[in-house]
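**Q** Just so it is clear, I am handing over work-v1.pdb, which has PDB, C-alpha atoms and all ligand atoms.
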ATOM      1  CA  MET A 208     120.288 153.468 122.641  1.00  0.00           C
ATOM      2  CA  ALA A 209     123.152 154.061 120.203  1.00  0.00           C
ATOM      3  CA  TYR A 210     125.668 156.762 120.981  1.00  0.00           C
ATOM      4  CA  SER A 211     128.499 157.879 118.790  1.00  0.00           C
ATOM      5  CA  PHE A 212     131.981 158.274 120.233  1.00  0.00           C
ATOM      6  CA  SER A 213     135.099 159.037 118.261  1.00  0.00           C
ATOM      7  CA  LYS A 214     138.411 157.465 119.188  1.00  0.00           C
ATOM      8  CA  ASP A 215     139.899 160.716 120.445  1.00  0.00           C
ATOM      9  CA  LYS A 216     140.510 160.540 124.120  1.00  0.00           C
ATOM     10  CA  ILE A 217     138.816 162.538 126.818  1.00  0.00           C
ATOM     11  CA  TRP A 218     141.338 164.061 129.211  1.00  0.00           C
ATOM     12  CA  PHE A 219     141.503 162.772 132.761  1.00  0.00           C
ATOM     13  CA  LEU A 220     142.385 166.117 134.268  1.00  0.00           C
ATOM     14  CA  GLY A 221     141.700 167.855 137.494  1.00  0.00           C
ATOM     15  CA  ARG A 222     140.709 171.387 138.065  1.00  0.00           C
ATOM     16  CA  GLY A 223     141.107 172.761 141.548  1.00  0.00           C
ATOM     17  CA  CYS A 224     138.416 173.156 144.168  1.00  0.00           C
ATOM     18  CA  HIS A 225     138.719 176.946 143.923  1.00  0.00           C
ATOM     19  CA  GLU A 226     138.136 176.688 140.146  1.00  0.00           C
ATOM     20  CA  TYR A 227     134.971 174.661 140.763  1.00  0.00           C
ATOM     21  CA  MET A 228     133.709 177.270 143.232  1.00  0.00           C
ATOM     22  CA  SER A 229     134.105 179.923 140.532  1.00  0.00           C
ATOM     23  CA  MET A 230     132.931 177.843 137.508  1.00  0.00           C
ATOM     24  CA  PHE A 231     129.745 176.852 139.313  1.00  0.00           C
ATOM     25  CA  LYS A 232     129.199 180.016 141.395  1.00  0.00           C
ATOM     26  CA  LEU A 233     129.326 178.070 144.656  1.00  0.00           C
ATOM     27  CA  SER A 234     129.880 179.201 148.226  1.00  0.00           C
ATOM     28  CA  PRO A 235     130.749 177.157 151.333  1.00  0.00           C
ATOM     29  CA  GLY A 236     127.423 178.129 152.948  1.00  0.00           C
ATOM     30  CA  PHE A 237     125.475 176.869 149.923  1.00  0.00           C
ATOM     31  CA  LEU A 238     127.395 173.582 149.776  1.00  0.00           C
ATOM     32  CA  LYS A 239     126.944 172.905 153.507  1.00  0.00           C
ATOM     33  CA  ASN A 240     123.262 172.308 152.786  1.00  0.00           C
ATOM     34  CA  HIS A 241     123.796 169.959 149.856  1.00  0.00           C
ATOM     35  CA  ARG A 242     124.720 166.368 149.127  1.00  0.00           C
ATOM     36  CA  THR A 243     126.863 167.045 146.083  1.00  0.00           C
ATOM     37  CA  LEU A 244     127.913 164.757 143.240  1.00  0.00           C
ATOM     38  CA  ASP A 245     130.875 165.711 141.038  1.00  0.00           C
ATOM     39  CA  CYS A 246     129.996 163.744 137.904  1.00  0.00           C
ATOM     40  CA  ALA A 247     132.929 163.093 135.510  1.00  0.00           C
ATOM     41  CA  ALA A 248     135.183 164.370 138.275  1.00  0.00           C
ATOM     42  CA  GLY A 249     138.502 163.128 136.873  1.00  0.00           C
ATOM     43  CA  ALA A 250     141.520 164.139 138.947  1.00  0.00           C
ATOM     44  CA  SER A 251     139.825 167.230 140.332  1.00  0.00           C
ATOM     45  CA  SER A 252     140.429 168.411 143.907  1.00  0.00           C
ATOM     46  CA  PHE A 253     136.832 169.483 144.545  1.00  0.00           C
ATOM     47  CA  VAL A 254     135.924 166.293 146.427  1.00  0.00           C
ATOM     48  CA  PRO A 255     139.268 165.828 148.264  1.00  0.00           C
ATOM     49  CA  VAL A 256     139.280 169.384 149.593  1.00  0.00           C
ATOM     50  CA  LEU A 257     135.623 169.539 150.637  1.00  0.00           C
ATOM     51  CA  GLY A 258     135.394 165.910 151.732  1.00  0.00           C
ATOM     52  CA  ASN A 259     138.190 166.506 154.210  1.00  0.00           C
ATOM     53  CA  GLN A 260     136.311 169.503 155.599  1.00  0.00           C
ATOM     54  CA  GLY A 261     133.223 167.414 156.332  1.00  0.00           C
ATOM     55  CA  TYR A 262     131.101 168.337 153.295  1.00  0.00           C
ATOM     56  CA  MET A 263     128.888 165.619 151.817  1.00  0.00           C
ATOM     57  CA  VAL A 264     130.616 165.117 148.471  1.00  0.00           C
ATOM     58  CA  THR A 265     130.999 162.194 146.077  1.00  0.00           C
ATOM     59  CA  ALA A 266     132.987 161.919 142.846  1.00  0.00           C
ATOM     60  CA  LEU A 267     132.155 159.695 139.873  1.00  0.00           C
ATOM     61  CA  ASP A 268     134.348 158.785 136.924  1.00  0.00           C
ATOM     62  CA  PRO A 269     134.730 155.744 134.639  1.00  0.00           C
ATOM     63  CA  LEU A 270     138.442 155.548 135.470  1.00  0.00           C
ATOM     64  CA  TYR A 271     138.001 155.211 139.233  1.00  0.00           C
ATOM     65  CA  GLY A 272     137.743 151.450 138.908  1.00  0.00           C
ATOM     66  CA  ARG A 273     141.316 151.146 137.682  1.00  0.00           C
ATOM     67  CA  GLY A 274     143.078 151.281 141.040  1.00  0.00           C
ATOM     68  CA  TYR A 275     145.611 153.591 142.639  1.00  0.00           C
ATOM     69  CA  GLU A 276     148.722 152.993 140.496  1.00  0.00           C
ATOM     70  CA  ALA A 277     146.889 153.253 137.165  1.00  0.00           C
ATOM     71  CA  VAL A 278     144.894 156.321 138.205  1.00  0.00           C
ATOM     72  CA  LYS A 279     148.021 158.028 139.543  1.00  0.00           C
ATOM     73  CA  GLU A 280     149.939 157.297 136.348  1.00  0.00           C
ATOM     74  CA  ARG A 281     147.099 158.565 134.131  1.00  0.00           C
ATOM     75  CA  SER A 282     146.720 161.754 136.206  1.00  0.00           C
ATOM     76  CA  ILE A 283     150.423 162.519 135.933  1.00  0.00           C
ATOM     77  CA  ASP A 284     150.577 161.674 132.198  1.00  0.00           C
ATOM     78  CA  ASP A 285     147.654 163.932 131.383  1.00  0.00           C
ATOM     79  CA  PHE A 286     149.058 166.644 133.606  1.00  0.00           C
ATOM     80  CA  TYR A 287     152.370 166.780 131.721  1.00  0.00           C
ATOM     81  CA  THR A 288     150.571 166.653 128.376  1.00  0.00           C
ATOM     82  CA  LEU A 289     148.524 169.620 129.544  1.00  0.00           C
ATOM     83  CA  ILE A 290     151.682 171.562 130.337  1.00  0.00           C
ATOM     84  CA  GLN A 291     152.997 170.914 126.816  1.00  0.00           C
ATOM     85  CA  ALA A 292     149.647 171.819 125.286  1.00  0.00           C
ATOM     86  CA  HIS A 293     149.639 175.178 127.067  1.00  0.00           C
ATOM     87  CA  THR A 294     153.211 176.095 126.206  1.00  0.00           C
ATOM     88  CA  GLY A 295     153.140 179.116 123.927  1.00  0.00           C
ATOM     89  CA  MET A 296     149.409 179.614 124.381  1.00  0.00           C
ATOM     90  CA  ASP A 297     149.699 182.655 126.591  1.00  0.00           C
ATOM     91  CA  ASP A 298     147.832 184.826 124.106  1.00  0.00           C
ATOM     92  CA  LYS A 299     145.063 182.281 123.444  1.00  0.00           C
ATOM     93  CA  VAL A 300     143.555 181.883 126.905  1.00  0.00           C
ATOM     94  CA  ASP A 301     142.164 184.343 129.374  1.00  0.00           C
ATOM     95  CA  TRP A 302     144.550 184.300 132.335  1.00  0.00           C
ATOM     96  CA  GLY A 303     142.167 186.313 134.508  1.00  0.00           C
ATOM     97  CA  PHE A 304     141.727 183.475 136.977  1.00  0.00           C
ATOM     98  CA  PHE A 305     145.345 182.293 137.226  1.00  0.00           C
ATOM     99  CA  GLN A 306     147.199 185.414 136.044  1.00  0.00           C
ATOM    100  CA  ASN A 307     149.722 183.347 134.040  1.00  0.00           C
ATOM    101  CA  SER A 308     150.543 179.837 132.843  1.00  0.00           C
ATOM    102  CA  LYS A 309     153.159 179.228 135.562  1.00  0.00           C
ATOM    103  CA  ASN A 310     150.601 179.847 138.266  1.00  0.00           C
ATOM    104  CA  MET A 311     148.052 177.653 136.493  1.00  0.00           C
ATOM    105  CA  ILE A 312     150.521 174.759 136.266  1.00  0.00           C
ATOM    106  CA  GLU A 313     151.488 175.059 139.947  1.00  0.00           C
ATOM    107  CA  GLU A 314     147.859 175.186 141.072  1.00  0.00           C
ATOM    108  CA  ARG A 315     146.810 172.263 138.895  1.00  0.00           C
ATOM    109  CA  MET A 316     149.771 170.213 140.134  1.00  0.00           C
ATOM    110  CA  LYS A 317     148.642 170.794 143.734  1.00  0.00           C
ATOM    111  CA  SER A 318     145.085 169.757 142.804  1.00  0.00           C
ATOM    112  CA  CYS A 319     146.325 166.614 141.102  1.00  0.00           C
ATOM    113  CA  LYS A 320     148.356 165.601 144.189  1.00  0.00           C
ATOM    114  CA  LYS A 321     145.399 166.217 146.494  1.00  0.00           C
ATOM    115  CA  PHE A 322     143.226 164.024 144.305  1.00  0.00           C
ATOM    116  CA  VAL A 323     145.716 161.157 144.030  1.00  0.00           C
ATOM    117  CA  ASN A 324     146.347 161.051 147.801  1.00  0.00           C
ATOM    118  CA  ASP A 325     142.648 161.172 148.645  1.00  0.00           C
ATOM    119  CA  TYR A 326     141.706 158.590 146.027  1.00  0.00           C
ATOM    120  CA  LYS A 327     144.196 156.172 147.592  1.00  0.00           C
ATOM    121  CA  VAL A 328     142.319 156.359 150.905  1.00  0.00           C
ATOM    122  CA  PHE A 329     138.711 156.817 149.765  1.00  0.00           C
ATOM    123  CA  LYS A 330     138.488 154.748 146.556  1.00  0.00           C
ATOM    124  CA  GLY A 331     135.051 153.115 146.481  1.00  0.00           C
ATOM    125  CA  ILE A 332     133.847 155.431 149.277  1.00  0.00           C
ATOM    126  CA  ARG A 333     134.023 158.977 147.920  1.00  0.00           C
ATOM    127  CA  TYR A 334     135.277 157.893 144.491  1.00  0.00           C
ATOM    128  CA  ILE A 335     132.759 155.767 142.638  1.00  0.00           C
ATOM    129  CA  GLU A 336     133.339 154.130 139.281  1.00  0.00           C
ATOM    130  CA  GLY A 337     130.545 154.857 136.821  1.00  0.00           C
ATOM    131  CA  ARG A 338     129.833 156.131 133.359  1.00  0.00           C
ATOM    132  CA  LEU A 339     127.162 158.387 131.956  1.00  0.00           C
ATOM    133  CA  PRO A 340     124.482 157.951 130.735  1.00  0.00           C
ATOM    134  CA  GLU A 341     123.814 155.439 133.543  1.00  0.00           C
ATOM    135  CA  LEU A 342     124.745 156.244 137.108  1.00  0.00           C
ATOM    136  CA  PRO A 343     125.047 153.719 139.943  1.00  0.00           C
ATOM    137  CA  PHE A 344     122.968 155.837 142.354  1.00  0.00           C
ATOM    138  CA  ASN A 345     119.418 155.924 143.710  1.00  0.00           C
ATOM    139  CA  ASN A 346     116.778 158.447 142.685  1.00  0.00           C
ATOM    140  CA  ASN A 347     117.448 161.791 144.426  1.00  0.00           C
ATOM    141  CA  GLN A 348     120.512 160.459 146.239  1.00  0.00           C
ATOM    142  CA  PHE A 349     122.117 163.884 145.789  1.00  0.00           C
ATOM    143  CA  SER A 350     120.630 167.346 145.979  1.00  0.00           C
ATOM    144  CA  LEU A 351     123.187 169.000 143.680  1.00  0.00           C
ATOM    145  CA  THR A 352     125.108 167.488 140.750  1.00  0.00           C
ATOM    146  CA  LEU A 353     127.994 169.243 138.995  1.00  0.00           C
ATOM    147  CA  CYS A 354     129.411 168.196 135.650  1.00  0.00           C
ATOM    148  CA  SER A 355     132.388 170.074 134.293  1.00  0.00           C
ATOM    149  CA  HIS A 356     134.401 169.721 131.098  1.00  0.00           C
ATOM    150  CA  LEU A 357     132.573 166.767 129.591  1.00  0.00           C
ATOM    151  CA  LEU A 358     129.128 167.674 128.236  1.00  0.00           C
ATOM    152  CA  PHE A 359     129.004 170.393 125.535  1.00  0.00           C
ATOM    153  CA  LEU A 360     132.830 170.638 125.554  1.00  0.00           C
ATOM    154  CA  TYR A 361     133.252 167.277 123.767  1.00  0.00           C
ATOM    155  CA  ASP A 362     130.255 167.694 121.452  1.00  0.00           C
ATOM    156  CA  ASP A 363     132.376 166.452 118.542  1.00  0.00           C
ATOM    157  CA  ARG A 364     132.597 162.947 120.031  1.00  0.00           C
ATOM    158  CA  LEU A 365     129.620 162.682 122.417  1.00  0.00           C
ATOM    159  CA  ASP A 366     126.432 162.916 120.386  1.00  0.00           C
ATOM    160  CA  TYR A 367     123.182 164.723 121.166  1.00  0.00           C
ATOM    161  CA  GLN A 368     121.352 161.645 122.435  1.00  0.00           C
ATOM    162  CA  PHE A 369     124.198 161.013 124.871  1.00  0.00           C
ATOM    163  CA  HIS A 370     123.865 164.584 126.163  1.00  0.00           C
ATOM    164  CA  LEU A 371     120.103 164.324 126.571  1.00  0.00           C
ATOM    165  CA  ASP A 372     120.217 160.930 128.294  1.00  0.00           C
ATOM    166  CA  SER A 373     123.119 161.945 130.549  1.00  0.00           C
ATOM    167  CA  ILE A 374     121.358 165.076 131.753  1.00  0.00           C
ATOM    168  CA  GLY A 375     118.153 163.074 132.291  1.00  0.00           C
ATOM    169  CA  GLU A 376     120.141 160.581 134.367  1.00  0.00           C
ATOM    170  CA  MET A 377     121.808 163.310 136.433  1.00  0.00           C
ATOM    171  CA  LEU A 378     118.347 164.766 137.099  1.00  0.00           C
ATOM    172  CA  ARG A 379     117.133 161.333 138.212  1.00  0.00           C
ATOM    173  CA  VAL A 380     119.801 161.064 140.929  1.00  0.00           C
ATOM    174  CA  THR A 381     119.445 164.723 141.983  1.00  0.00           C
ATOM    175  CA  SER A 382     116.588 166.200 143.988  1.00  0.00           C
ATOM    176  CA  GLU A 383     117.220 169.896 143.262  1.00  0.00           C
ATOM    177  CA  GLU A 384     119.724 171.092 140.715  1.00  0.00           C
ATOM    178  CA  VAL A 385     122.216 170.036 138.043  1.00  0.00           C
ATOM    179  CA  ARG A 386     124.921 172.465 136.914  1.00  0.00           C
ATOM    180  CA  ILE A 387     127.039 172.062 133.787  1.00  0.00           C
ATOM    181  CA  TYR A 388     130.161 174.010 132.808  1.00  0.00           C
ATOM    182  CA  PRO A 389     131.346 175.152 130.252  1.00  0.00           C
ATOM    183  CA  LEU A 390     128.844 175.644 127.422  1.00  0.00           C
ATOM    184  CA  VAL A 391     131.461 176.092 124.704  1.00  0.00           C
ATOM    185  CA  ASN A 392     133.100 173.232 122.825  1.00  0.00           C
ATOM    186  CA  LEU A 393     136.723 172.484 121.989  1.00  0.00           C
ATOM    187  CA  GLN A 394     136.702 174.427 118.726  1.00  0.00           C
ATOM    188  CA  GLY A 395     137.804 177.495 120.634  1.00  0.00           C
ATOM    189  CA  ASP A 396     135.724 180.028 118.704  1.00  0.00           C
ATOM    190  CA  GLY A 397     133.972 181.130 121.898  1.00  0.00           C
ATOM    191  CA  LYS A 398     130.511 180.117 120.664  1.00  0.00           C
ATOM    192  CA  LYS A 399     128.173 177.910 122.689  1.00  0.00           C
ATOM    193  CA  SER A 400     127.868 174.284 121.667  1.00  0.00           C
ATOM    194  CA  HIS A 401     124.935 173.905 119.275  1.00  0.00           C
ATOM    195  CA  PHE A 402     123.498 171.348 121.747  1.00  0.00           C
ATOM    196  CA  VAL A 403     122.820 174.067 124.353  1.00  0.00           C
ATOM    197  CA  GLY A 404     119.697 175.411 122.642  1.00  0.00           C
ATOM    198  CA  ARG A 405     118.333 171.929 121.872  1.00  0.00           C
ATOM    199  CA  ILE A 406     118.818 170.772 125.465  1.00  0.00           C
ATOM    200  CA  THR A 407     117.055 173.890 126.769  1.00  0.00           C
ATOM    201  CA  ASP A 408     114.066 173.171 124.494  1.00  0.00           C
ATOM    202  CA  ASP A 409     113.962 169.431 125.146  1.00  0.00           C
ATOM    203  CA  LEU A 410     114.052 169.805 128.940  1.00  0.00           C
ATOM    204  CA  ALA A 411     111.414 172.539 129.058  1.00  0.00           C
ATOM    205  CA  SER A 412     108.617 170.266 130.300  1.00  0.00           C
ATOM    206  CA  GLU A 413     110.580 168.683 133.159  1.00  0.00           C
ATOM    207  CA  ALA A 414     112.991 171.372 134.329  1.00  0.00           C
ATOM    208  CA  GLU A 415     113.799 175.060 134.428  1.00  0.00           C
ATOM    209  CA  VAL A 416     116.974 175.753 132.458  1.00  0.00           C
ATOM    210  CA  GLU A 417     118.936 178.928 133.042  1.00  0.00           C
ATOM    211  CA  ILE A 418     122.219 180.134 131.526  1.00  0.00           C
ATOM    212  CA  VAL A 419     124.169 181.909 134.245  1.00  0.00           C
ATOM    213  CA  GLU A 420     127.248 184.099 133.865  1.00  0.00           C
ATOM    214  CA  VAL A 421     130.129 183.096 136.131  1.00  0.00           C
ATOM    215  CA  ASP A 422     133.348 184.851 137.162  1.00  0.00           C
ATOM    216  CA  TYR A 423     135.607 182.023 136.018  1.00  0.00           C
ATOM    217  CA  ARG A 424     137.604 182.729 132.868  1.00  0.00           C
ATOM    218  CA  PHE A 425     139.980 180.510 130.926  1.00  0.00           C
ATOM    219  CA  ARG A 426     138.615 179.192 127.649  1.00  0.00           C
ATOM    220  CA  LYS A 427     137.310 181.750 125.148  1.00  0.00           C
ATOM    221  CA  GLY A 428     133.576 182.196 125.830  1.00  0.00           C
ATOM    222  CA  GLY A 429     133.834 180.040 128.952  1.00  0.00           C
ATOM    223  CA  ASN A 430     132.085 182.395 131.332  1.00  0.00           C
ATOM    224  CA  GLU A 431     128.697 180.688 131.466  1.00  0.00           C
ATOM    225  CA  MET A 432     127.210 177.616 133.096  1.00  0.00           C
ATOM    226  CA  MET A 433     123.868 175.874 132.703  1.00  0.00           C
ATOM    227  CA  LYS A 434     121.694 175.562 135.806  1.00  0.00           C
ATOM    228  CA  ILE A 435     118.934 172.970 135.520  1.00  0.00           C
ATOM    229  CA  LYS A 436     116.343 173.049 138.284  1.00  0.00           C
ATOM    230  CA  LYS A 437     113.978 170.136 138.542  1.00  0.00           C
ATOM    231  CA  ASN A 438     110.284 170.958 138.431  1.00  0.00           C
ATOM    232  CA  ILE A 439     108.830 169.596 141.646  1.00  0.00           C
TER     233      ILE A 439
HETATM  234  C1  LIG B 501     138.311 166.815 131.025  1.00  0.00           C
HETATM  235  S1  LIG B 501     137.985 165.734 132.367  1.00  0.00           S
HETATM  236  C2  LIG B 501     137.141 166.822 133.490  1.00  0.00           C
HETATM  237  C3  LIG B 501     137.469 166.543 134.926  1.00  0.00           C
HETATM  238  C4  LIG B 501     136.881 167.523 135.935  1.00  0.00           C
HETATM  239  N1  LIG B 501     135.437 167.491 135.915  1.00  0.00           N
HETATM  240  C5  LIG B 501     137.372 168.914 135.665  1.00  0.00           C
HETATM  241  O1  LIG B 501     136.595 169.756 135.192  1.00  0.00           O
HETATM  242  O2  LIG B 501     138.534 169.166 135.939  1.00  0.00           O
HETATM  243  C6  LIG B 501     136.656 164.736 131.719  1.00  0.00           C
HETATM  244  C7  LIG B 501     136.370 163.526 132.591  1.00  0.00           C
HETATM  245  O3  LIG B 501     135.201 162.867 132.108  1.00  0.00           O
HETATM  246  C8  LIG B 501     135.391 161.478 132.320  1.00  0.00           C
HETATM  247  N2  LIG B 501     134.447 160.747 131.442  1.00  0.00           N
HETATM  248  C9  LIG B 501     134.631 160.317 130.172  1.00  0.00           C
HETATM  249  N3  LIG B 501     133.545 159.684 129.730  1.00  0.00           N
HETATM  250  C10 LIG B 501     132.622 159.716 130.737  1.00  0.00           C
HETATM  251  C11 LIG B 501     131.300 159.221 130.895  1.00  0.00           C
HETATM  252  N4  LIG B 501     130.676 158.552 129.904  1.00  0.00           N
HETATM  253  N5  LIG B 501     130.677 159.429 132.077  1.00  0.00           N
HETATM  254  C12 LIG B 501     131.287 160.092 133.079  1.00  0.00           C
HETATM  255  N6  LIG B 501     132.539 160.590 132.990  1.00  0.00           N
HETATM  256  C13 LIG B 501     133.213 160.408 131.832  1.00  0.00           C
HETATM  257  C14 LIG B 501     136.851 161.252 131.990  1.00  0.00           C
HETATM  258  O4  LIG B 501     137.355 160.042 132.541  1.00  0.00           O
HETATM  259  C15 LIG B 501     137.499 162.500 132.586  1.00  0.00           C
HETATM  260  O5  LIG B 501     137.951 162.284 133.905  1.00  0.00           O
END
As C-alpha cells, what does this structure read like?
Ligand SMILES: C[S@@+](CC[C@H](N)C(=O)[O-])C[C@H]1O[C@@H](n2cnc3c(N)ncnc32)[C@H](O)[C@@H]1O

**A**
Amino acid sequence: MAYSFSKDKIWFLGRGCHEYMSMFKLSPGFLKNHRTLDCAAGASSFVPVLGNQGYMVTALDPLYGRGYEAVKERSIDDFYTLIQAHTGMDDKVDWGFFQNSKNMIEERMKSCKKFVNDYKVFKGIRYIEGRLPELPFNNNQFSLTLCSHLLFLYDDRLDYQFHLDSIGEMLRVTSEEVRIYPLVNLQGDGKKSHFVGRITDDLASEAEVEIVEVDYRFRKGGNEMMKIKKNI
C-alpha cells in the first residue's frame, strides 16, 4: 500500500497524563478495567504516571527504538521549540485548561521529565518501538487504544489510506474501543479534518463511530474526540 508523507516533521512531544484524562474523557475507575495502549505516545506522561500506579498501560512510538540519550535529546529539543512556537500566541489558543502559557510550559516540562526517566527504566517493556499502520501486537492484546495528536491533526502529510489502515490496525489489536483526539488539523481554522466524515462512513460496517465532546480545550475546535467501538 502506498502512503504519502511530506518531509515536514511530526513533533515528538508529550502531553501530561491529566491532559490525556481530559482529552479522552477517562477516569481512574474506567482505566482500572482496561489494558490500554497509548499509540503514537511520544514523550507523554500518560504511561509513566499510570504505569507506576499499577495500571496496565503500554506506549508505542517509532522513536522508542533510538535509545535513552537520543530520545532524551529529541524530547528536550522539541520541548524548547514548542516554547518558542507558543511565545506570543496567548490570544490564539484557549487557555481554559492551563490558564496561561507559563503554566502550560511548566506542566509540559514535568511531563517530559517523567517520560524520560520512565523510558530509561522501562524501554522495551512499557515503551515499544512500532509504527502505524502496522503494530507489533497480537489481535485484541489491548481493550482500549488511545491515539492523540497524530491522526486527523497531520492530515496534510498522512494521507487518507494511512488513516484508514491505521485505524483498522488499532481495531485489530483492541478488543473494545479506540479513541482518537483531536479531530481538527493543523490549519487552525477550528474545522474538523475532512477525513473525519470519510472514516465514519468507511468504518460503518465494522464499528460504531461516535463524536464525543470533551472538556479539554487548547487548539481552536479541539473539544471533540472520536470513539470507535468494535462491533462484536
Ligand atoms: C505530536 S506527537 C503526540 C504525542 C502524544 N500522543 C501527545 O498527544 O502528546 C506525535 C507522535 O506520533 C509519532 N509518530 C509519527 N509517525 C508515527 C507512526 N507512523 N505511527 C505511530 N506513531 C507515529 C511521533 O514520533 C510522535 O511522538

**Q** Quick one: of A:Asp362, A:Asp301, A:Glu415, A:Glu336, who's nearest to ligand LIG 501 (chain B), counting all atoms listed in the file?

**A** A:Glu336

**Q** Translate the PyMOL selection byres (((chain A and resi 351) around 10) and not hetatm) into a concrete residue list for this structure, as a list in words.

**A**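 Checking the PyMOL selection byres (((chain A and resi 351) around 10) and not hetatm) against this file, the residues are Leu238, Asn240, His241, Arg242, Thr243, Leu244, Asp245, Val264, Asn347, Gln348, Phe349, Ser350, Thr352, Leu353, Met377, Leu378, Val380, Thr381, Ser382, Glu383, Glu384, Val385, Arg386 and Lys436 of chain A.
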
**Q** Looking at A:Tyr326, A:Phe402, A:Phe425, A:Tyr361, which one is nearest to ligand LIG 501 (chain B), with distances taken over all atoms listed in the file?

**A**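 Nearest to ligand LIG 501 (chain B): A:Tyr361.
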
**Q** Restricting the calculation to only C-alpha atoms: of A:Glu413, A:Glu376, A:Glu314, A:Asp325, which residue gets closest to Lys437 of chain A?

**A**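 Closest to Lys437 of chain A, using only C-alpha atoms: A:Glu413.
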
**Q** Dump the neighbourhood of ligand LIG 501 (chain B) as a ChimeraX atom specification: all residues within 7 Å, distances computed on only C-alpha atoms and all ligand atoms.

**A** /A:217-222,246-251,267-270,337-340,354-357

**Q** I would like the residues chosen by the PyMOL selection byres (((chain A and resi 223-234) around 7) and not hetatm) on the shown file; could you give them as a list in words?

**A**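 Taken over the shown coordinates, the PyMOL selection byres (((chain A and resi 223-234) around 7) and not hetatm) returns Gly221, Arg222, Pro235, Gly236, Phe237, Leu238, Ser251, Ser252, Phe253, Val256, Arg315, Ser318, Arg386, Tyr388, Val421, Asp422, Tyr423 and Met432 of chain A.
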
**Q** Counting only C-alpha atoms, figure out which residue out of A:Arg273, A:Lys239, A:Lys398, A:Arg364 gets nearest to Gly261 of chain A.

**A** A:Lys239

**Q** What gap, in Å, lies between atom CA of Val419 of chain A and atom CA of Arg405 of chain A?

**A**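 Between atom CA of Val419 of chain A and atom CA of Arg405 of chain A the gap is 16.9 Å.
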
**Q** What's the separation between atom CA of Glu341 of chain A and atom CA of Gln368 of chain A, in Å to one decimal place?

**A**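 Atom CA of Gln368 of chain A lies 13.0 Å from atom CA of Glu341 of chain A.
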
**Q** For each of A:Lys320, A:Lys279, A:Arg333, A:Lys216, take the minimum atom-to-atom distance to Asn259 of chain A, counting all atoms listed in the file, then give the residue where this is smallest.

**A**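 Comparing A:Lys320, A:Lys279, A:Arg333, A:Lys216 against Asn259 of chain A, the winner is A:Arg333.
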
**Q** Just how far from atom CA of Cys319 of chain A is atom CA of Asn430 of chain A, in Å to one decimal?

**A** 23.4 Å

**Q** Care to translate the PyMOL selection byres (((chain A and resi 391) around 10) and not hetatm) into actual residues of this file, as a PyMOL selection string?

**A** chain A and resi 356+358-362+388-390+392-403+426-432

**Q** Write to file, as an mmCIF file, in the coordinates of the input, the residues of the selection just made, with C-alpha atoms.

**A**
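Saved as out33.cif:
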data_model
loop_
_atom_site.group_PDB
_atom_site.id
_atom_site.type_symbol
_atom_site.label_atom_id
_atom_site.label_comp_id
_atom_site.auth_asym_id
_atom_site.auth_seq_id
_atom_site.Cartn_x
_atom_site.Cartn_y
_atom_site.Cartn_z
ATOM 1 C CA HIS A 356 134.401 169.721 131.098
ATOM 2 C CA LEU A 358 129.128 167.674 128.236
ATOM 3 C CA PHE A 359 129.004 170.393 125.535
ATOM 4 C CA LEU A 360 132.830 170.638 125.554
ATOM 5 C CA TYR A 361 133.252 167.277 123.767
ATOM 6 C CA ASP A 362 130.255 167.694 121.452
ATOM 7 C CA TYR A 388 130.161 174.010 132.808
ATOM 8 C CA PRO A 389 131.346 175.152 130.252
ATOM 9 C CA LEU A 390 128.844 175.644 127.422
ATOM 10 C CA ASN A 392 133.100 173.232 122.825
ATOM 11 C CA LEU A 393 136.723 172.484 121.989
ATOM 12 C CA GLN A 394 136.702 174.427 118.726
ATOM 13 C CA GLY A 395 137.804 177.495 120.634
ATOM 14 C CA ASP A 396 135.724 180.028 118.704
ATOM 15 C CA GLY A 397 133.972 181.130 121.898
ATOM 16 C CA LYS A 398 130.511 180.117 120.664
ATOM 17 C CA LYS A 399 128.173 177.910 122.689
ATOM 18 C CA SER A 400 127.868 174.284 121.667
ATOM 19 C CA HIS A 401 124.935 173.905 119.275
ATOM 20 C CA PHE A 402 123.498 171.348 121.747
ATOM 21 C CA VAL A 403 122.820 174.067 124.353
ATOM 22 C CA ARG A 426 138.615 179.192 127.649
ATOM 23 C CA LYS A 427 137.310 181.750 125.148
ATOM 24 C CA GLY A 428 133.576 182.196 125.830
ATOM 25 C CA GLY A 429 133.834 180.040 128.952
ATOM 26 C CA ASN A 430 132.085 182.395 131.332
ATOM 27 C CA GLU A 431 128.697 180.688 131.466
ATOM 28 C CA MET A 432 127.210 177.616 133.096
#

**Q** Looking at all atoms listed in the file, which of A:Ile418, A:Ala266, A:Asp363, A:Asp372 is the one that sits closest to Phe322 of chain A?

**A**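 Once distances to Phe322 of chain A are computed over all atoms listed in the file, the minimum belongs to A:Ala266.
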
**Q** Using only C-alpha atoms, determine which residues lie at most 8 Å from Phe286 of chain A, disregarding the query and same-chain residues fewer than 2 positions distant; provide the list as a list in words.

**A** Leu220, Ser282, Ile283, Asp284, Thr288, Leu289, Ile290, Met316 and Cys319 of chain A

**Q** Which polymer residues, protein or nucleic acid, are no farther than 8 Å from (116.2, 177.2, 127.8), counting only C-alpha atoms, as a count of residues only?

**A** 10

**Q** Output segment 410-415 of chain A with N, CA and C atoms present, as an mmCIF file, in the frame of the given file.

**A**
data_model
loop_
_atom_site.group_PDB
_atom_site.id
_atom_site.type_symbol
_atom_site.label_atom_id
_atom_site.label_comp_id
_atom_site.auth_asym_id
_atom_site.auth_seq_id
_atom_site.Cartn_x
_atom_site.Cartn_y
_atom_site.Cartn_z
ATOM 1 N N LEU A 410 114.283 170.002 127.500
ATOM 2 C CA LEU A 410 114.052 169.805 128.940
ATOM 3 C C LEU A 410 112.914 170.666 129.476
ATOM 4 N N ALA A 411 112.365 171.513 128.597
ATOM 5 C CA ALA A 411 111.414 172.539 129.058
ATOM 6 C C ALA A 411 110.260 171.981 129.895
ATOM 7 N N SER A 412 109.788 170.776 129.580
ATOM 8 C CA SER A 412 108.617 170.266 130.300
ATOM 9 C C SER A 412 108.971 169.695 131.673
ATOM 10 N N GLU A 413 110.236 169.325 131.887
ATOM 11 C CA GLU A 413 110.580 168.683 133.159
ATOM 12 C C GLU A 413 111.487 169.507 134.059
ATOM 13 N N ALA A 414 112.027 170.611 133.531
ATOM 14 C CA ALA A 414 112.991 171.372 134.329
ATOM 15 C C ALA A 414 113.038 172.836 133.875
ATOM 16 N N GLU A 415 113.614 173.641 134.769
ATOM 17 C CA GLU A 415 113.799 175.060 134.428
ATOM 18 C C GLU A 415 115.283 175.234 134.102
#
